[in-house]
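Take a look at the structure set out below.
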Amino acid sequence: MSSPNGSPHDYEDLPALLTLMTGDEKHDASATSTLDAIWVLYDRILRVAPDRLDDPDRDRFLLSKGHGPMAYYAVLAAKGFLAVDDLRGFGGFDSPLGYHPDRTLVPGVEISSGSLGHGMGLAVGTALGLRMTGRARCAVVVLVGDAELEEGSNAEAIQVAGRRNLGNLTAVVIDNASASAGWPGGIAARFAVEGWSTHDADGHDHDALERAFAAAPGDRPHVVVAHVESKES
Amino acid sequence: MSAQATTAADPATPTENQRERFSRLLPRLLAEDDRLAAVLAEIGVNYLAEAPPPIADRIVNVGIREQLLIGVAGGLALAGMRPIVHTFPSFLIERPWEQVKLDLGHQDVGAVLVSAGASYDWPKGGETHFGHRDVALLDTLAGWTVHVPGHPDEAEALLRAALPGDDRIYLRLASDGNARPLGGADGRLRVLRRGSRATVIAVGPLADRTLAATAGLDVTVLYAATVRPFDAETLRATLDTPDVVIIEPYLRGTSSAVVAEALRGVRHRVLGLGVGRDELRRYGTPAEHDAVHGIDEAGLRRAVTAFVTELD
């Protein structure tokens, strides 16, 4: 498992890394719905690296949807933030890797999450703080699920991010159509009405995801709605 | 510390209360330290209305969105800022409770939460604006320092001391208080009077009243402007008869457990006085509420006397 670009592992290695956690060769949708979006972010977009964990000028990736973090851990291991061996202990008492991530235990994890609806507010605060410290060019990318968006705390954050033109903030919504009441008019419209730029993309198409992230206008917040297969399919 | 607080251009007035001191101080503190950010949810926005642009950039009014109030504070702290977060206790601690727990504590970041309004500084606002549960709620979390100043000078000293760190601080401001600062900005209990039959601990704004209520009683009176961490050392060092009354301007009994912990290994009695749990559905004045909860001067005297003589 090696890659030509110097990172320890490549995309093709991720299923094997997931297997170290799940013990299963096959991975259900809850483990893989975020896999491609997170991979594209770490492989092509984010200016982060294992040797600059505390660099104040790094980009920040905030996994708000803390459920099903195996994909996140697999990407972090593939990119050298985590030792591959750590994956084997997933969920164990002495493991740094819980079923919800803890930023104090896992190198490179920016927020501890698990309770839904906290990442967006933390991301708005981080984006504001980076602006205040002269680091507005550092990107803050927060990943939420379409069901997670049901938490009202997201609405508070989406409105304020839009009104304050937080151009250093990007949200990724993994849309697997699991929101209980749905999002009539589509998820992107909820952000657009608050002044965000929006981009829908196939959540498994790496080039489409890369284009969607790169489309961030910089003068207002940006959302990428990454469509993946529904939970039930 | 009062010398720092006053200038010729902007003098303290004798009638200035803790909240007014905070509102006057906040723009100055932001100007002095560019690591500080103020996070508000409409309440208190007028404190900073005239802030010049370099300061205004570090003021975040999230509107009436208290979950975001704390979420933004957590994010600011993650980005290296020191957030000062301000609103009523009920909207600072209770409404965004899970954000206080997770966006600060679980992220292992800090903030300075400054409430004003205390338990019922505005009783005409009724139950929705009562804040007496705040300290008890924070007691369920680790790592919080809780200050309950009794005078604007103490409030200022405690606030200034809180700013350089990265820890989690709750500063509980009240409209009413003691005539003079009683010190206590060092986190230690202060001995106000010595006696032998019991120890009475007065928290923050209730010190003057406690001294009046215990006049002529043979009791030690201690003063606390900081209740977490609790200064067990001074309590033990000054203890005579191990009977302790703790008088708090918020939920009755909030600190009974920490007093019991401080006296571990000593057979003792503890009485907690403060604001009761029952919902009164009354408005009126703070004095009327104090009387109902038994923390007016007469009520305190009755309760302390009965406790001291209970086993005679």
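Scheme for the structure tokens: letters A, B, ... for chains in order shown; per-chain residue numbers from 1; ligand numbers from 1 in order shown.
Taking only C-alpha atoms, the non-local environment of Ala181 (chain A) within 12 Å (same-chain residues fewer than 6 positions away omitted) comprises Asp146, Ala147, Glu148, Leu149 and Glu150 of chain A.
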Taking the backbone alone, and naming residues the way the document does, which bits of region 36-79 of chain A are strand (DSSP E or B) by DSSP, as a list in words?
-> Arg60, Phe61, Leu62 and Leu63 of chain A
File of the preceding selection, C-alpha atoms, as a short mmCIF file (atom, residue, chain, number, x, y, z; two decimals), in the first residue's frame:
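What follows is the written file again.cif:
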```cif
data_model
loop_
_atom_site.label_atom_id
_atom_site.label_comp_id
_atom_site.auth_asym_id
_atom_site.auth_seq_id
_atom_site.Cartn_x
_atom_site.Cartn_y
_atom_site.Cartn_z
CA ARG A 60 -9.26 23.17 9.22
CA PHE A 61 -11.55 20.23 8.55
CA LEU A 62 -14.34 19.85 11.09
CA LEU A 63 -16.27 16.58 11.00
#
```
Chain A contacts on chain B, only C-alpha atoms, 6 Å, as a tab-separated table (two decimals) with C-alpha atoms, in the first residue's frame:
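Result saved to iface.tsv:
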```tsv
chain	number	residue	atom	x	y	z
B	68	LEU	CA	-24.44	29.82	18.25
B	71	GLY	CA	-20.56	27.53	19.48
B	72	VAL	CA	-18.87	30.64	18.12
B	74	GLY	CA	-15.71	27.52	21.11
B	75	GLY	CA	-14.63	28.10	17.52
B	76	LEU	CA	-12.92	31.37	18.40
B	79	ALA	CA	-8.59	29.59	16.47
B	107	GLN	CA	-13.31	20.52	22.91
```
Identify, with DSSP run on backbone atoms, the residues in region 29-180 of chain A assigned to helix (DSSP H, G or I), and express the list as an MDAnalysis selection string.
-> chainID A and resid 29:32 35:45 50:52 70:78 84:87 119:132 148:150 152:163
For CA of Gly126 (chain B) and CA of Ala73 (chain B), determine how far apart the two atoms are, in Å to one decimal place.
->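 Value for the CA of Gly126 (chain B)-CA of Ala73 (chain B) distance: 28.1 Å.
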Atomic distance CA of His147 (chain B) - CA of Leu36 (chain B), expressed in Å with one decimal |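 Taking CA of His147 (chain B) as the start and CA of Leu36 (chain B) as the end point, the length is 19.4 Å.
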Residues within 12 Å of Asp207 (chain A), only C-alpha atoms, excluding chain neighbours under 3 positions, as a ChimeraX atom specification | /A:36-37,39-41,43-45,201-204,210-214
Find the spatial neighbours of Leu87 (chain A), counting only C-alpha atoms, within a cut-off of 12 Å - ignore same-chain residues fewer than 6 positions away - and output them as a ChimeraX atom specification.
-> /A:14,16-23,69-78,81,94-99,106
Please produce a file of the residues just selected, as a compact mmCIF listing (two decimals), in the first residue's frame, where the atoms kept are N, CA and C atoms.
```
# COMPACT_ATOMS: atom_id res chain seq x y z
N LEU A 14 -8.01 2.39 0.92
CA LEU A 14 -8.98 2.73 1.97
C LEU A 14 -9.87 1.55 2.38
N ALA A 16 -9.17 -1.53 2.60
CA ALA A 16 -8.41 -2.40 3.52
C ALA A 16 -8.25 -1.72 4.89
N LEU A 17 -8.08 -0.41 4.87
CA LEU A 17 -7.97 0.30 6.14
C LEU A 17 -9.29 0.26 6.90
N LEU A 18 -10.38 0.40 6.18
CA LEU A 18 -11.70 0.29 6.83
C LEU A 18 -11.88 -1.10 7.44
N THR A 19 -11.42 -2.09 6.73
CA THR A 19 -11.57 -3.47 7.22
C THR A 19 -10.86 -3.67 8.55
N LEU A 20 -9.76 -2.95 8.76
CA LEU A 20 -9.06 -3.07 10.04
C LEU A 20 -9.98 -2.65 11.20
N MET A 21 -10.89 -1.74 10.91
CA MET A 21 -11.82 -1.28 11.96
C MET A 21 -13.08 -2.13 12.03
N THR A 22 -13.62 -2.46 10.87
CA THR A 22 -14.92 -3.14 10.86
C THR A 22 -14.78 -4.64 10.93
N GLY A 23 -13.62 -5.16 10.55
CA GLY A 23 -13.44 -6.61 10.54
C GLY A 23 -14.19 -7.28 9.40
N PRO A 69 -17.36 7.34 11.87
CA PRO A 69 -16.10 8.03 11.57
C PRO A 69 -15.04 7.13 10.93
N MET A 70 -15.42 5.89 10.57
CA MET A 70 -14.39 4.99 10.03
C MET A 70 -13.74 5.56 8.78
N ALA A 71 -14.55 6.18 7.93
CA ALA A 71 -13.99 6.76 6.70
C ALA A 71 -12.98 7.86 7.05
N TYR A 72 -13.32 8.66 8.03
CA TYR A 72 -12.43 9.74 8.47
C TYR A 72 -11.11 9.16 8.99
N TYR A 73 -11.22 8.17 9.87
CA TYR A 73 -10.01 7.56 10.43
C TYR A 73 -9.17 6.90 9.33
N ALA A 74 -9.85 6.27 8.38
CA ALA A 74 -9.12 5.60 7.30
C ALA A 74 -8.34 6.63 6.48
N VAL A 75 -8.96 7.77 6.19
CA VAL A 75 -8.26 8.80 5.42
C VAL A 75 -7.10 9.38 6.24
N LEU A 76 -7.35 9.61 7.52
CA LEU A 76 -6.27 10.14 8.37
C LEU A 76 -5.09 9.17 8.43
N ALA A 77 -5.40 7.87 8.47
CA ALA A 77 -4.32 6.88 8.48
C ALA A 77 -3.61 6.86 7.13
N ALA A 78 -4.40 6.93 6.07
CA ALA A 78 -3.80 6.90 4.72
C ALA A 78 -2.88 8.09 4.51
N PHE A 81 -1.60 10.77 9.38
CA PHE A 81 -1.90 11.41 10.66
C PHE A 81 -1.97 10.37 11.78
N ASP A 94 -8.53 1.39 25.33
CA ASP A 94 -7.26 2.12 25.24
C ASP A 94 -7.04 2.77 23.88
N SER A 95 -8.01 2.63 22.99
CA SER A 95 -7.83 3.18 21.65
C SER A 95 -8.11 4.68 21.62
N PRO A 96 -7.35 5.43 20.82
CA PRO A 96 -7.71 6.84 20.63
C PRO A 96 -8.93 6.99 19.72
N LEU A 97 -9.34 5.92 19.10
CA LEU A 97 -10.38 6.02 18.07
C LEU A 97 -11.72 5.51 18.59
N GLY A 98 -12.58 6.44 18.95
CA GLY A 98 -13.92 6.07 19.40
C GLY A 98 -14.91 6.04 18.25
N TYR A 99 -16.12 5.64 18.55
CA TYR A 99 -17.17 5.66 17.53
C TYR A 99 -17.59 7.09 17.22
N VAL A 106 -6.93 12.20 18.93
CA VAL A 106 -6.58 11.82 17.56
C VAL A 106 -5.84 12.96 16.87
```
Tell me, as a CSV table (one decimal) with N, CA, C and O atoms, in the first residue's frame, which residues lie within 10 Å of Gly150 (chain B), counting only C-alpha atoms; anything in the same chain fewer than 4 positions away does not count.
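What ended up in result.csv:
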```
chain,number,residue,atom,x,y,z
B,17,ASN,N,-22.8,49.8,39.4
B,17,ASN,CA,-22.9,48.4,39.8
B,17,ASN,C,-22.0,47.5,39.0
B,17,ASN,O,-21.3,48.0,38.1
B,18,GLN,N,-22.0,46.2,39.3
B,18,GLN,CA,-21.1,45.3,38.6
B,18,GLN,C,-21.3,45.3,37.1
B,18,GLN,O,-20.4,45.3,36.3
B,154,GLU,N,-14.2,44.0,42.8
B,154,GLU,CA,-13.9,42.6,42.7
B,154,GLU,C,-14.2,42.0,41.3
B,154,GLU,O,-13.4,41.2,40.8
B,155,ALA,N,-15.3,42.4,40.8
B,155,ALA,CA,-15.7,41.9,39.5
B,155,ALA,C,-14.6,42.3,38.4
B,155,ALA,O,-14.2,41.5,37.6
B,172,ARG,N,-20.1,35.7,37.5
B,172,ARG,CA,-21.5,35.9,37.7
B,172,ARG,C,-21.7,37.3,38.4
B,172,ARG,O,-21.5,37.5,39.5
B,173,LEU,N,-22.2,38.2,37.5
B,173,LEU,CA,-22.4,39.6,38.0
B,173,LEU,C,-23.8,39.9,38.5
B,173,LEU,O,-24.7,39.3,38.0
B,174,ALA,N,-23.8,40.7,39.6
B,174,ALA,CA,-25.1,41.0,40.2
B,174,ALA,C,-25.3,42.5,40.3
B,174,ALA,O,-24.3,43.2,40.3
B,175,SER,N,-26.5,43.0,40.3
B,175,SER,CA,-26.8,44.4,40.4
B,175,SER,C,-26.5,44.9,41.8
B,175,SER,O,-26.0,46.0,42.0
B,176,ASP,N,-26.9,44.1,42.8
B,176,ASP,CA,-26.7,44.4,44.2
B,176,ASP,C,-25.4,43.9,44.7
B,176,ASP,O,-24.8,43.0,44.1
B,177,GLY,N,-25.0,44.4,45.8
B,177,GLY,CA,-23.7,43.9,46.4
B,177,GLY,C,-23.4,44.6,47.7
B,177,GLY,O,-24.2,45.1,48.4
B,178,ASN,N,-22.1,44.4,48.0
B,178,ASN,CA,-21.6,44.9,49.3
B,178,ASN,C,-21.1,46.4,49.1
B,178,ASN,O,-20.7,46.8,48.0
B,179,ALA,N,-21.1,47.1,50.2
B,179,ALA,CA,-20.7,48.6,50.2
B,179,ALA,C,-19.3,48.7,49.7
B,179,ALA,O,-18.9,49.7,49.1
B,180,ARG,N,-18.4,47.8,50.2
B,180,ARG,CA,-17.0,47.9,49.9
B,180,ARG,C,-16.5,46.6,49.3
B,180,ARG,O,-17.0,45.6,49.7
B,181,PRO,N,-15.4,46.7,48.6
B,181,PRO,CA,-14.8,45.4,48.2
B,181,PRO,C,-14.2,44.7,49.4
B,181,PRO,O,-13.7,45.4,50.3
B,182,LEU,N,-14.3,43.4,49.4
B,182,LEU,CA,-13.9,42.6,50.6
B,182,LEU,C,-12.6,41.8,50.2
B,182,LEU,O,-12.3,40.9,50.9
B,183,GLY,N,-12.0,42.2,49.1
B,183,GLY,CA,-10.9,41.4,48.6
B,183,GLY,C,-11.4,40.2,48.0
B,183,GLY,O,-12.5,40.2,47.3
B,184,GLY,N,-10.7,39.1,48.2
B,184,GLY,CA,-11.2,37.9,47.7
B,184,GLY,C,-11.1,37.7,46.2
B,184,GLY,O,-11.7,36.8,45.6
B,202,ALA,N,-20.3,33.5,53.6
B,202,ALA,CA,-21.2,34.4,52.7
B,202,ALA,C,-20.6,34.5,51.4
B,202,ALA,O,-19.4,34.7,51.2
B,203,VAL,N,-21.4,34.2,50.3
B,203,VAL,CA,-20.9,34.2,49.0
B,203,VAL,C,-21.3,35.6,48.3
B,203,VAL,O,-22.4,36.0,48.3
B,204,GLY,N,-20.3,36.2,47.8
B,204,GLY,CA,-20.5,37.4,46.9
B,204,GLY,C,-21.3,38.5,47.5
B,204,GLY,O,-21.1,39.0,48.6
B,205,PRO,N,-22.4,38.9,46.8
B,205,PRO,CA,-23.2,40.0,47.2
B,205,PRO,C,-23.9,39.9,48.6
B,205,PRO,O,-24.4,40.9,49.0
B,206,LEU,N,-23.9,38.7,49.2
B,206,LEU,CA,-24.6,38.6,50.4
B,206,LEU,C,-23.8,38.8,51.7
B,206,LEU,O,-24.2,38.6,52.8
B,207,ALA,N,-22.5,39.3,51.5
B,207,ALA,CA,-21.7,39.4,52.7
B,207,ALA,C,-22.1,40.5,53.7
B,207,ALA,O,-22.2,40.2,54.9
B,208,ASP,N,-22.5,41.7,53.2
B,208,ASP,CA,-22.9,42.7,54.1
B,208,ASP,C,-24.1,42.3,54.9
B,208,ASP,O,-24.2,42.5,56.1
B,223,TYR,N,-15.8,35.0,53.8
B,223,TYR,CA,-16.3,35.6,52.5
B,223,TYR,C,-15.7,34.9,51.3
B,223,TYR,O,-14.5,34.7,51.2
B,224,ALA,N,-16.6,34.5,50.4
B,224,ALA,CA,-16.1,33.9,49.1
B,224,ALA,C,-16.6,34.7,47.9
B,224,ALA,O,-17.8,34.9,47.7
B,225,ALA,N,-15.6,35.1,47.1
B,225,ALA,CA,-16.0,35.7,45.8
B,225,ALA,C,-15.7,34.7,44.7
B,225,ALA,O,-16.1,34.9,43.6
```
Coordinates-based distance that separates CA of Val292 (chain B) from CA of Thr87 (chain B) (Å, one decimal) | 26.2 Å
With only C-alpha atoms as the atoms that count, which of A:Pro101, A:Gly185, A:Gly195, A:Gly80 lies nearest to Arg220 (chain A)?
->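 Residue with the minimum atom-to-atom distance to Arg220 (chain A): A:Gly195.
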Once you count only C-alpha atoms, what closest atom pair and distance in Å to one decimal does each residue of region 122-233 of chain B within 9 Å of region 263-280 of chain B have, with rows by chain and rising residue number, as JSON lines?
```
{"residue": "B:Glu127", "atom": "CA", "partner": "B:Glu279", "partner_atom": "CA", "distance": 7.3}
{"residue": "B:His132", "atom": "CA", "partner": "B:Val275", "partner_atom": "CA", "distance": 6.8}
{"residue": "B:Arg133", "atom": "CA", "partner": "B:Arg277", "partner_atom": "CA", "distance": 8.8}
{"residue": "B:Ala232", "atom": "CA", "partner": "B:Leu263", "partner_atom": "CA", "distance": 7.7}
```
